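Quick look at coords27.csv (CSV, C-alpha atoms):
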chain,number,residue,atom,x,y,z
A,1,MET,CA,122.4,85.2,207.4
A,2,THR,CA,119.6,82.8,207.9
A,3,LEU,CA,117.7,81.2,205.1
A,4,ALA,CA,114.5,83.1,206.0
A,5,ALA,CA,116.4,86.4,205.9
A,6,CYS,CA,117.9,85.6,202.5
A,7,ILE,CA,114.4,84.8,201.1
A,8,ALA,CA,113.0,88.1,202.6
A,9,THR,CA,115.9,90.1,201.0
A,10,LEU,CA,115.4,88.5,197.6
A,11,LEU,CA,111.6,89.1,197.7
A,12,ALA,CA,112.2,92.8,198.6
A,13,LEU,CA,114.6,93.2,195.7
A,14,ALA,CA,112.3,91.5,193.3
A,15,TYR,CA,109.4,93.7,194.4
A,16,ALA,CA,111.5,96.9,193.9
A,17,ASP,CA,112.3,95.9,190.3
A,18,GLN,CA,108.6,95.6,189.3
A,19,PRO,CA,107.1,98.4,187.2
A,20,THR,CA,104.8,100.7,189.1
A,21,SER,CA,101.1,100.1,188.2
A,22,ARG,CA,98.4,102.7,188.3
A,23,THR,CA,96.8,103.0,191.7
A,24,GLU,CA,93.3,103.9,190.4
A,25,PRO,CA,91.8,102.3,187.3
A,26,PHE,CA,90.0,104.6,184.8
A,27,THR,CA,86.3,104.0,185.7
A,28,GLU,CA,84.6,106.8,183.9
A,29,GLY,CA,82.0,106.0,181.3
A,30,VAL,CA,82.6,106.4,177.6
A,31,ALA,CA,80.0,106.7,174.8
A,32,ILE,CA,81.4,106.5,171.3
A,33,LEU,CA,79.7,107.4,168.0
A,34,ALA,CA,81.5,105.1,165.5
A,35,PRO,CA,81.1,103.6,162.0
A,36,LEU,CA,79.7,100.1,162.1
A,37,ASP,CA,82.9,98.8,160.4
A,38,ALA,CA,85.1,100.4,163.1
A,39,VAL,CA,83.5,99.1,166.2
A,40,ALA,CA,86.5,96.9,167.0
A,41,ASP,CA,88.8,99.9,166.9
A,42,ALA,CA,86.4,101.9,169.0
A,43,ARG,CA,86.5,99.2,171.7
A,44,LYS,CA,90.2,99.7,172.1
A,45,LEU,CA,89.4,102.9,174.0
A,46,TRP,CA,88.6,100.5,176.9
A,47,LEU,CA,92.3,100.3,177.5
A,48,ALA,CA,92.6,104.0,178.4
A,49,GLU,CA,94.2,104.7,181.8
A,50,ASP,CA,92.9,108.2,182.3
A,51,ARG,CA,91.1,111.0,180.5
A,52,ASP,CA,94.3,112.3,178.9
A,53,ASP,CA,95.1,108.8,177.7
A,54,LEU,CA,91.6,108.4,176.4
A,55,ALA,CA,91.9,111.6,174.3
A,56,LYS,CA,95.3,110.5,173.0
A,57,ARG,CA,94.1,107.0,172.1
A,58,ALA,CA,90.9,108.5,170.5
A,59,SER,CA,93.0,110.8,168.3
A,60,SER,CA,95.3,108.0,167.2
A,61,LEU,CA,92.2,106.0,166.1
A,62,GLY,CA,90.5,108.9,164.3
A,63,TYR,CA,88.1,110.0,167.0
A,64,ARG,CA,87.6,113.2,168.9
A,65,LEU,CA,86.8,113.6,172.6
A,66,LEU,CA,84.1,116.2,172.3
A,67,GLU,CA,83.1,116.6,175.9
A,68,THR,CA,83.2,115.1,179.4
A,69,LYS,CA,80.2,115.7,181.5
A,70,ALA,CA,78.2,114.4,184.5
A,71,ILE,CA,75.1,112.5,183.5
A,72,ASP,CA,73.2,111.7,186.7
A,73,ARG,CA,76.0,110.6,189.0
A,74,ASP,CA,78.2,109.2,186.2
A,75,THR,CA,81.1,111.0,184.6
A,76,VAL,CA,80.9,110.2,180.9
A,77,ASN,CA,83.3,111.0,178.1
A,78,LEU,CA,81.6,111.6,174.7
A,79,VAL,CA,83.8,110.5,171.8
A,80,VAL,CA,82.9,110.9,168.2
A,81,TYR,CA,84.5,109.5,165.0
A,82,ALA,CA,86.3,112.6,163.7
A,83,ASP,CA,84.9,112.5,160.2
A,84,TYR,CA,81.4,113.0,161.5
A,85,VAL,CA,82.2,116.5,162.8
A,86,GLU,CA,85.6,117.6,161.6
A,87,GLN,CA,85.6,116.4,158.0
A,88,GLY,CA,81.9,116.7,157.1
A,89,GLY,CA,80.2,119.4,155.1
A,90,TYR,CA,80.1,121.9,158.0
A,91,ALA,CA,83.9,121.7,158.5
A,92,LEU,CA,84.4,122.0,154.8
A,93,ALA,CA,82.2,125.1,154.7
A,94,VAL,CA,84.3,126.8,157.4
A,95,GLU,CA,87.5,126.0,155.6
A,96,VAL,CA,86.2,127.3,152.3
A,97,ALA,CA,85.0,130.5,154.0
A,98,LYS,CA,88.4,131.0,155.6
A,99,TYR,CA,90.1,130.5,152.2
A,100,LEU,CA,87.8,133.0,150.5
A,101,LYS,CA,88.3,135.6,153.3
A,102,GLY,CA,89.8,138.8,151.9
A,103,ARG,CA,88.9,138.0,148.3
A,104,ASP,CA,87.9,140.8,145.9
A,105,PRO,CA,84.6,140.0,144.3
A,106,LEU,CA,85.6,141.9,141.2
A,107,ARG,CA,88.3,139.3,140.5
A,108,THR,CA,87.6,135.7,139.4
A,109,LEU,CA,88.6,132.5,141.1
A,110,ASP,CA,89.6,129.2,139.6
A,111,LEU,CA,89.1,125.9,141.4
A,112,ALA,CA,92.5,124.9,140.0
A,113,ASP,CA,94.1,127.4,142.3
A,114,PHE,CA,92.5,126.0,145.4
A,115,PRO,CA,94.6,123.9,147.9
A,116,GLU,CA,94.4,120.3,146.7
A,117,GLN,CA,92.2,119.0,149.6
A,118,LEU,CA,89.7,121.8,149.2
A,119,ARG,CA,89.7,121.3,145.4
A,120,ALA,CA,89.0,117.6,145.8
A,121,ALA,CA,86.2,118.3,148.2
A,122,LEU,CA,84.5,120.9,145.9
A,123,GLU,CA,84.9,119.1,142.6
A,124,PRO,CA,81.7,117.0,143.0
A,125,ALA,CA,79.7,120.2,143.1
A,126,PHE,CA,81.4,121.6,140.0
A,127,ARG,CA,80.8,118.4,138.2
A,128,THR,CA,77.1,118.6,139.0
A,129,LEU,CA,76.9,122.1,137.6
A,130,ALA,CA,78.9,121.2,134.5
A,131,GLY,CA,76.5,118.5,133.7
A,132,GLY,CA,73.6,121.0,133.6
A,133,SER,CA,73.2,124.4,132.1
A,134,LEU,CA,76.7,125.4,133.0
A,135,GLY,CA,78.3,122.7,130.7
A,136,ALA,CA,80.2,125.3,128.7
A,137,ASN,CA,82.1,126.6,131.7
A,138,ARG,CA,84.8,123.9,131.7
A,139,SER,CA,87.4,126.2,133.1
A,140,MET,CA,85.9,126.0,136.6
A,141,ARG,CA,86.2,129.7,137.0
A,142,PHE,CA,83.7,131.5,139.1
A,143,ALA,CA,83.1,134.7,141.1
A,144,ILE,CA,81.9,135.4,144.6
A,145,GLU,CA,79.1,137.9,145.0
A,146,PRO,CA,77.9,139.1,148.4
A,147,LEU,CA,74.1,139.4,149.2
A,148,LEU,CA,72.8,141.8,151.8
A,149,TYR,CA,69.8,140.5,153.8
A,150,VAL,CA,67.7,143.3,155.2
A,151,GLY,CA,64.4,143.6,157.0
A,152,VAL,CA,62.3,146.4,158.6
A,153,GLU,CA,61.0,147.1,162.0
A,154,ASP,CA,57.4,146.7,161.1
A,155,PRO,CA,55.2,144.0,162.7
A,156,THR,CA,53.2,143.5,159.5
A,157,ALA,CA,56.4,142.8,157.4
A,158,PRO,CA,58.3,139.6,156.9
A,159,ARG,CA,61.4,139.2,159.0
A,160,THR,CA,63.5,139.5,155.8
A,161,ILE,CA,62.2,141.6,152.9
A,162,GLY,CA,65.1,141.2,150.5
A,163,ALA,CA,68.6,140.2,149.7
A,164,PRO,CA,70.0,142.5,147.1
A,165,SER,CA,73.5,141.6,145.7
A,166,LEU,CA,76.6,143.8,145.4
A,167,TYR,CA,75.7,144.5,141.8
A,168,ASP,CA,72.1,145.4,142.6
A,169,LEU,CA,73.3,148.0,145.0
A,170,ALA,CA,76.3,149.2,142.8
A,171,PRO,CA,75.1,149.0,139.2
A,172,ASN,CA,78.3,150.8,138.1
A,173,LEU,CA,80.3,147.7,139.0
A,174,THR,CA,80.7,144.9,136.4
A,175,ARG,CA,80.8,141.2,137.1
A,176,PRO,CA,84.2,139.7,136.2
A,177,ALA,CA,84.3,137.4,133.1
A,178,THR,CA,84.5,133.7,133.7
A,179,HIS,CA,83.2,132.2,130.5
A,180,PRO,CA,85.9,130.7,128.3
A,181,SER,CA,84.7,132.6,125.2
A,182,ARG,CA,85.3,135.9,127.0
A,183,LEU,CA,88.8,135.1,128.2
A,184,ASP,CA,91.9,135.9,126.2
A,185,GLY,CA,93.4,132.5,125.2
A,186,GLY,CA,91.9,131.0,128.3
A,187,ARG,CA,93.8,133.4,130.6
A,188,ASP,CA,92.1,136.0,132.7
A,189,GLY,CA,94.3,138.7,134.1
A,190,SER,CA,91.9,139.5,136.9
A,191,ARG,CA,92.3,136.0,138.4
A,192,ASN,CA,93.2,135.7,142.1
A,193,THR,CA,96.2,133.4,142.0
A,194,ASP,CA,98.5,134.6,144.7
A,195,ILE,CA,96.3,135.1,147.7
A,196,HIS,CA,96.5,132.6,150.6
A,197,SER,CA,99.3,130.7,148.9
A,198,SER,CA,100.3,129.3,152.3
A,199,PHE,CA,96.8,128.2,153.2
A,200,VAL,CA,96.8,124.6,154.6
A,201,ALA,CA,93.5,122.8,154.2
A,202,GLN,CA,92.5,120.1,156.7
A,203,THR,CA,89.4,118.8,155.0
A,204,LYS,CA,89.1,115.4,153.4
A,205,ALA,CA,87.5,115.0,150.0
A,206,GLU,CA,84.8,112.7,151.4
A,207,ALA,CA,82.9,112.7,154.6
A,208,ALA,CA,81.8,109.7,156.5
A,209,SER,CA,78.1,108.9,156.4
A,210,LEU,CA,76.0,108.7,159.5
A,211,GLU,CA,73.7,106.1,157.9
A,212,ASN,CA,76.0,103.3,159.2
A,213,ALA,CA,76.9,104.8,162.5
A,214,THR,CA,76.4,103.1,165.9
A,215,VAL,CA,77.0,104.0,169.5
A,216,VAL,CA,79.5,101.9,171.6
A,217,TYR,CA,79.2,102.1,175.4
A,218,LEU,CA,82.1,101.4,177.7
A,219,ARG,CA,81.2,100.8,181.4
A,220,ALA,CA,77.5,101.4,181.0
A,221,SER,CA,75.7,98.9,183.3
A,222,ASN,CA,72.1,99.2,182.1
A,223,ASP,CA,69.7,100.3,179.4
A,224,MET,CA,68.8,103.5,181.2
A,225,GLN,CA,72.4,104.6,181.4
A,226,ARG,CA,72.9,103.8,177.8
A,227,ALA,CA,69.9,105.8,176.7
A,228,ARG,CA,71.0,108.9,178.7
A,229,TRP,CA,74.6,108.6,177.5
A,230,SER,CA,73.4,108.3,173.9
A,231,GLN,CA,71.2,111.4,174.3
A,232,ALA,CA,74.1,113.4,175.6
A,233,LEU,CA,76.4,112.1,172.9
A,234,TRP,CA,74.0,113.3,170.1
A,235,LYS,CA,73.6,116.6,171.8
A,236,ALA,CA,77.4,117.0,171.8
A,237,VAL,CA,77.5,116.3,168.1
A,238,GLU,CA,74.6,118.8,167.5
A,239,ASP,CA,76.4,121.5,169.5
A,240,ARG,CA,79.7,120.9,167.6
A,241,VAL,CA,78.0,121.0,164.2
A,242,GLY,CA,76.0,124.1,165.3
A,243,ALA,CA,79.3,125.8,166.3
A,244,LEU,CA,80.8,125.1,162.9
A,245,TRP,CA,77.6,126.5,161.2
A,246,THR,CA,77.7,129.6,163.4
A,247,GLU,CA,81.4,130.1,162.5
A,248,PHE,CA,80.6,129.7,158.8
A,249,ALA,CA,77.7,132.2,158.9
A,250,ALA,CA,79.9,134.7,160.9
A,251,LEU,CA,82.7,134.5,158.3
A,252,GLN,CA,80.2,135.1,155.4
A,253,ARG,CA,78.6,138.1,157.3
A,254,GLU,CA,82.0,139.6,158.2
A,255,GLU,CA,83.3,139.4,154.7
A,256,GLY,CA,80.1,140.4,152.9
A,257,LEU,CA,79.8,143.5,155.1
A,258,ARG,CA,83.4,144.4,154.5
A,259,VAL,CA,82.8,144.5,150.7
A,260,PHE,CA,79.6,146.5,151.1
A,261,ARG,CA,81.4,148.9,153.4
A,262,GLU,CA,84.3,149.3,151.1
A,263,HIS,CA,82.0,150.3,148.3
A,264,GLY,CA,80.1,152.8,150.5
A,265,LEU,CA,76.8,150.9,150.4
A,266,LEU,CA,76.0,150.6,154.1
A,267,GLY,CA,76.0,154.1,155.5
A,268,GLU,CA,74.3,154.2,158.9
A,269,LEU,CA,73.3,150.5,158.4
A,270,GLN,CA,76.8,149.6,159.6
A,271,SER,CA,75.5,149.7,163.1
A,272,GLY,CA,72.9,147.1,162.3
A,273,ARG,CA,69.9,149.4,161.9
A,274,ALA,CA,69.2,152.7,160.2
A,275,VAL,CA,66.2,154.8,159.1
A,276,LEU,CA,65.4,154.6,155.4
A,277,SER,CA,66.5,158.2,154.9
A,278,GLY,CA,70.0,157.3,156.3
A,279,LEU,CA,70.8,154.8,153.6
A,280,PRO,CA,73.1,155.5,150.7
A,281,PRO,CA,71.1,156.3,147.5
A,282,THR,CA,71.6,153.0,145.7
A,283,THR,CA,70.9,151.0,148.8
A,284,ARG,CA,67.8,153.0,149.5
A,285,ARG,CA,66.5,152.4,146.0
A,286,ALA,CA,67.0,148.6,146.4
A,287,VAL,CA,65.3,148.6,149.8
A,288,GLU,CA,62.3,150.6,148.5
A,289,ALA,CA,61.9,148.2,145.6
A,290,GLU,CA,61.6,145.4,148.2
A,291,LEU,CA,59.2,147.4,150.2
A,292,ARG,CA,56.9,147.9,147.2
A,293,ARG,CA,57.1,144.2,146.5
A,294,HIS,CA,55.8,143.4,150.0
A,295,ASN,CA,53.3,146.2,149.9
A,296,ILE,CA,54.9,148.1,152.8
A,297,ALA,CA,54.4,151.8,152.9
A,298,ILE,CA,57.6,153.8,152.2
A,299,ARG,CA,58.4,156.3,155.0
A,300,ASP,CA,61.6,158.2,155.6
A,301,ASP,CA,61.5,157.2,159.3
A,302,LEU,CA,61.0,153.5,158.6
A,303,VAL,CA,63.8,151.5,160.4
A,304,VAL,CA,65.8,149.2,158.2
A,305,VAL,CA,67.5,146.3,160.0
A,306,LEU,CA,70.6,144.5,158.8
A,307,ARG,CA,69.9,140.7,159.0
A,308,THR,CA,73.1,139.2,157.6
A,309,SER,CA,75.2,138.8,154.5
A,310,GLN,CA,75.7,135.7,152.4
A,311,TRP,CA,77.9,134.7,149.5
A,312,LEU,CA,76.7,133.8,146.1
A,313,ILE,CA,78.8,131.5,143.9
A,314,CYS,CA,78.3,132.8,140.3
A,315,PHE,CA,79.1,131.2,136.9
A,316,GLU,CA,78.7,132.4,133.4
A,317,SER,CA,76.6,129.7,131.8
A,318,ALA,CA,76.9,131.7,128.5
A,319,PRO,CA,78.6,135.0,127.7
A,320,ASN,CA,77.1,137.6,130.0
A,321,THR,CA,74.5,135.2,131.3
A,322,TRP,CA,75.0,134.6,135.0
A,323,GLU,CA,73.8,131.9,137.2
A,324,GLY,CA,74.4,131.7,140.9
A,325,ARG,CA,73.6,129.8,144.1
A,326,PRO,CA,74.3,130.6,147.7
A,327,LEU,CA,77.6,129.2,149.0
A,328,SER,CA,75.8,127.1,151.6
A,329,GLN,CA,73.6,125.4,148.9
A,330,PHE,CA,76.6,125.0,146.6
A,331,LEU,CA,78.5,123.2,149.4
A,332,PHE,CA,75.7,121.0,150.7
A,333,GLY,CA,73.2,120.8,147.9
A,334,SER,CA,75.5,119.2,145.3
A,335,ARG,CA,77.5,116.8,147.5
A,336,SER,CA,76.6,113.2,147.4
A,337,ARG,CA,76.2,111.5,150.7
Translate this file's structure into structure tokens.
Amino acid sequence: MTLAACIATLLALAYADQPTSRTEPFTEGVAILAPLDAVADARKLWLAEDRDDLAKRASSLGYRLLETKAIDRDTVNLVVYADYVEQGGYALAVEVAKYLKGRDPLRTLDLADFPEQLRAALEPAFRTLAGGSLGANRSMRFAIEPLLYVGVEDPTAPRTIGAPSLYDLAPNLTRPATHPSRLDGGRDGSRNTDIHSSFVAQTKAEAASLENATVVYLRASNDMQRARWSQALWKAVEDRVGALWTEFAALQREEGLRVFREHGLLGELQSGRAVLSGLPPTTRRAVEAELRRHNIAIRDDLVVVLRTSQWLICFESAPNTWEGRPLSQFLFGSRSR
């Protein structure tokens, strides 16, 4: 074999032993919403080989690939720091709603029975309440109370005329005791302690703040591209948060209506609308009280519309003295950001 032939053979063998490289580099754009102190990690996504690899790398670094879309003629991947949408207040709200699903409002709950992660996320709100007029309720026991939002098909009336609670519509029901002075030795036999024992919470105790967020652009070539990508990125975040809020509202509505239905308080209103004369007696009286408050004429054929149902978190600030706030306000209004 000639020297030239030997060299050719060795080169061929050496080439065959080389690892196969990707034939097409990943050239899609990436817009990343990241904390200021995590920009260096965010830039590691530059190493992605394809979209699947981008999603995998994003997940490993604590990000979520929300959406891939065409912006003008560019294909752009919209990546968000996971805490901004998955562990924030809206994700927490969905998890709390899922945990409360199926609960009996005539039985009390105790924060001590909640999964550890949910308990840690909710404790700031309880501490805020305990520092005010609810200071005596150190047991962190509370009750959930559904509200029923209704309106009427009358162009002169407000969209919602009232939100009577379960106990407004069913005065024969009694709110469960949660104040320590009304509990036998600090124990309440009506507590829910065995429901959802296998529930696994995903929520973190603290959510990342958007105050120190920035957008990192990979493969954007000019300011106009960056502006368009940023607009799409924030829209994706808005859509995601909106979807979480919609899920939270749907869970509240579903569970609230379940309770009202079980106590026979909806009647024809189950379908979403009913004439006043088709309502159960206690529900009709509550609606008529709201009509009088708004100076709306009471007629048997007036159409009552079901708007939604919402949960009230209720505490006994003193024996038989109840204070409550909507679950949404409890979750968002008392959390430090």
Could you give me, as JSON lines, a per-residue list for segment 186-302 of chain A showing, wherever an atom lies at most 12 Å from an atom of segment 76-84 of chain A, the closest pair of atoms and their distance in Å to one decimal, using only C-alpha atoms and sorting by chain then residue number from low to high?
{"residue": "A:Gln202", "atom": "CA", "partner": "A:Asp83", "partner_atom": "CA", "distance": 11.3}
{"residue": "A:Thr203", "atom": "CA", "partner": "A:Asp83", "partner_atom": "CA", "distance": 9.3}
{"residue": "A:Lys204", "atom": "CA", "partner": "A:Asp83", "partner_atom": "CA", "distance": 8.5}
{"residue": "A:Ala205", "atom": "CA", "partner": "A:Asp83", "partner_atom": "CA", "distance": 10.8}
{"residue": "A:Glu206", "atom": "CA", "partner": "A:Asp83", "partner_atom": "CA", "distance": 8.8}
{"residue": "A:Ala207", "atom": "CA", "partner": "A:Asp83", "partner_atom": "CA", "distance": 5.9}
{"residue": "A:Ala208", "atom": "CA", "partner": "A:Asp83", "partner_atom": "CA", "distance": 5.6}
{"residue": "A:Ser209", "atom": "CA", "partner": "A:Tyr84", "partner_atom": "CA", "distance": 7.3}
{"residue": "A:Leu210", "atom": "CA", "partner": "A:Tyr84", "partner_atom": "CA", "distance": 7.2}
{"residue": "A:Glu211", "atom": "CA", "partner": "A:Tyr84", "partner_atom": "CA", "distance": 10.9}
{"residue": "A:Asn212", "atom": "CA", "partner": "A:Tyr84", "partner_atom": "CA", "distance": 11.3}
{"residue": "A:Ala213", "atom": "CA", "partner": "A:Tyr81", "partner_atom": "CA", "distance": 9.3}
{"residue": "A:Thr214", "atom": "CA", "partner": "A:Tyr81", "partner_atom": "CA", "distance": 10.4}
{"residue": "A:Val215", "atom": "CA", "partner": "A:Val80", "partner_atom": "CA", "distance": 9.2}
{"residue": "A:Val216", "atom": "CA", "partner": "A:Val79", "partner_atom": "CA", "distance": 9.6}
{"residue": "A:Tyr217", "atom": "CA", "partner": "A:Leu78", "partner_atom": "CA", "distance": 9.8}
{"residue": "A:Leu218", "atom": "CA", "partner": "A:Val76", "partner_atom": "CA", "distance": 9.4}
{"residue": "A:Arg219", "atom": "CA", "partner": "A:Val76", "partner_atom": "CA", "distance": 9.4}
{"residue": "A:Ala220", "atom": "CA", "partner": "A:Val76", "partner_atom": "CA", "distance": 9.4}
{"residue": "A:Gln225", "atom": "CA", "partner": "A:Val76", "partner_atom": "CA", "distance": 10.2}
{"residue": "A:Arg226", "atom": "CA", "partner": "A:Val76", "partner_atom": "CA", "distance": 10.7}
{"residue": "A:Arg228", "atom": "CA", "partner": "A:Val76", "partner_atom": "CA", "distance": 10.2}
{"residue": "A:Trp229", "atom": "CA", "partner": "A:Val76", "partner_atom": "CA", "distance": 7.3}
{"residue": "A:Ser230", "atom": "CA", "partner": "A:Leu78", "partner_atom": "CA", "distance": 8.9}
{"residue": "A:Gln231", "atom": "CA", "partner": "A:Leu78", "partner_atom": "CA", "distance": 10.4}
{"residue": "A:Ala232", "atom": "CA", "partner": "A:Leu78", "partner_atom": "CA", "distance": 7.8}
{"residue": "A:Leu233", "atom": "CA", "partner": "A:Leu78", "partner_atom": "CA", "distance": 5.5}
{"residue": "A:Trp234", "atom": "CA", "partner": "A:Leu78", "partner_atom": "CA", "distance": 9.0}
{"residue": "A:Lys235", "atom": "CA", "partner": "A:Leu78", "partner_atom": "CA", "distance": 9.9}
{"residue": "A:Ala236", "atom": "CA", "partner": "A:Leu78", "partner_atom": "CA", "distance": 7.4}
{"residue": "A:Val237", "atom": "CA", "partner": "A:Val80", "partner_atom": "CA", "distance": 7.6}
{"residue": "A:Glu238", "atom": "CA", "partner": "A:Tyr84", "partner_atom": "CA", "distance": 10.8}
{"residue": "A:Arg240", "atom": "CA", "partner": "A:Tyr84", "partner_atom": "CA", "distance": 10.1}
{"residue": "A:Val241", "atom": "CA", "partner": "A:Tyr84", "partner_atom": "CA", "distance": 9.1}
Option closest in space to Ala143 of chain A, from A:Ala289, A:Val305, A:Ala34, A:Leu109 [counting all atoms listed in the file]: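 That would be A:Leu109, the residue with the smallest distance to Ala143 of chain A.
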Can you work out which one of A:Glu290, A:Glu268, A:Glu316, A:Asp300 has the shortest atom-to-atom distance to Thr160 of chain A, counting all atoms listed in the file?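 Among the listed residues, A:Glu290 lies closest to Thr160 of chain A.
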Give me, as a Markdown table, each residue of segment 194-276 of chain A that comes within 9 Å of segment 166-175 of chain A, together with its shortest interatomic pair and the distance in Å at one decimal, counting all atoms listed in the file, with rows ordered by chain and rising residue number.
| residue | atom | partner | partner_atom | distance |
| --- | --- | --- | --- | --- |
| A:Gly256 | CA | A:Leu166 | CA | 8.9 |
| A:Val259 | CA | A:Leu166 | CA | 8.2 |
| A:Phe260 | CA | A:Leu166 | CA | 7.0 |
| A:His263 | CA | A:Ala170 | CA | 8.0 |
| A:Leu265 | CA | A:Leu169 | CA | 7.1 |
Please determine, counting all atoms listed in the file, which residue among A:Gly29, A:Thr246, A:Leu257, A:Pro158 has the shortest atom-to-atom distance to Asp72 of chain A.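 With all atoms listed in the file as the atom set, the closest residue is A:Gly29.
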Within 8 Å of (80.5, 140.3, 158.5) in the file's own coordinates, which protein, DNA or RNA residues have an atom, counting only C-alpha atoms? List them as a ChimeraX atom specification. /A:250-258,308-309
Considering only C-alpha atoms, can you say which of A:Ala157, A:Pro326, A:Phe332, A:Leu118 comes closest to Asn295 of chain A? A:Ala157
Measuring between all atoms listed in the file, which one of A:Ala201, A:Ile296, A:Ala286, A:Leu47 shows the shortest distance to Tyr99 of chain A?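 Selected residue with least distance to Tyr99 of chain A: A:Ala201.
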So how many Å separate atom CA of Val94 of chain A and atom CA of Leu244 of chain A, to one decimal? 6.7 Å
Measure the distance from atom CA of Leu327 of chain A to atom CA of Gln310 of chain A in Å and round it to one decimal.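 Distance between the two atoms: 7.6 Å.
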Using atom CA of Tyr149 of chain A and atom CA of Gly278 of chain A as the two end points, give the distance in Å to one decimal.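 Between these atoms lies a distance of 17.0 Å.
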Tell me which of A:Glu49, A:Ala42, A:Ser271, A:Val200 sits closest to Glu116 of chain A, counting all atoms listed in the file.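 Nearest to Glu116 of chain A: A:Val200.
Residues surrounding Glu145 of chain A within 6 Å are A:Pro105, A:Trp311, A:Leu312 [only C-alpha atoms; sequence separation below 2 positions excluded].
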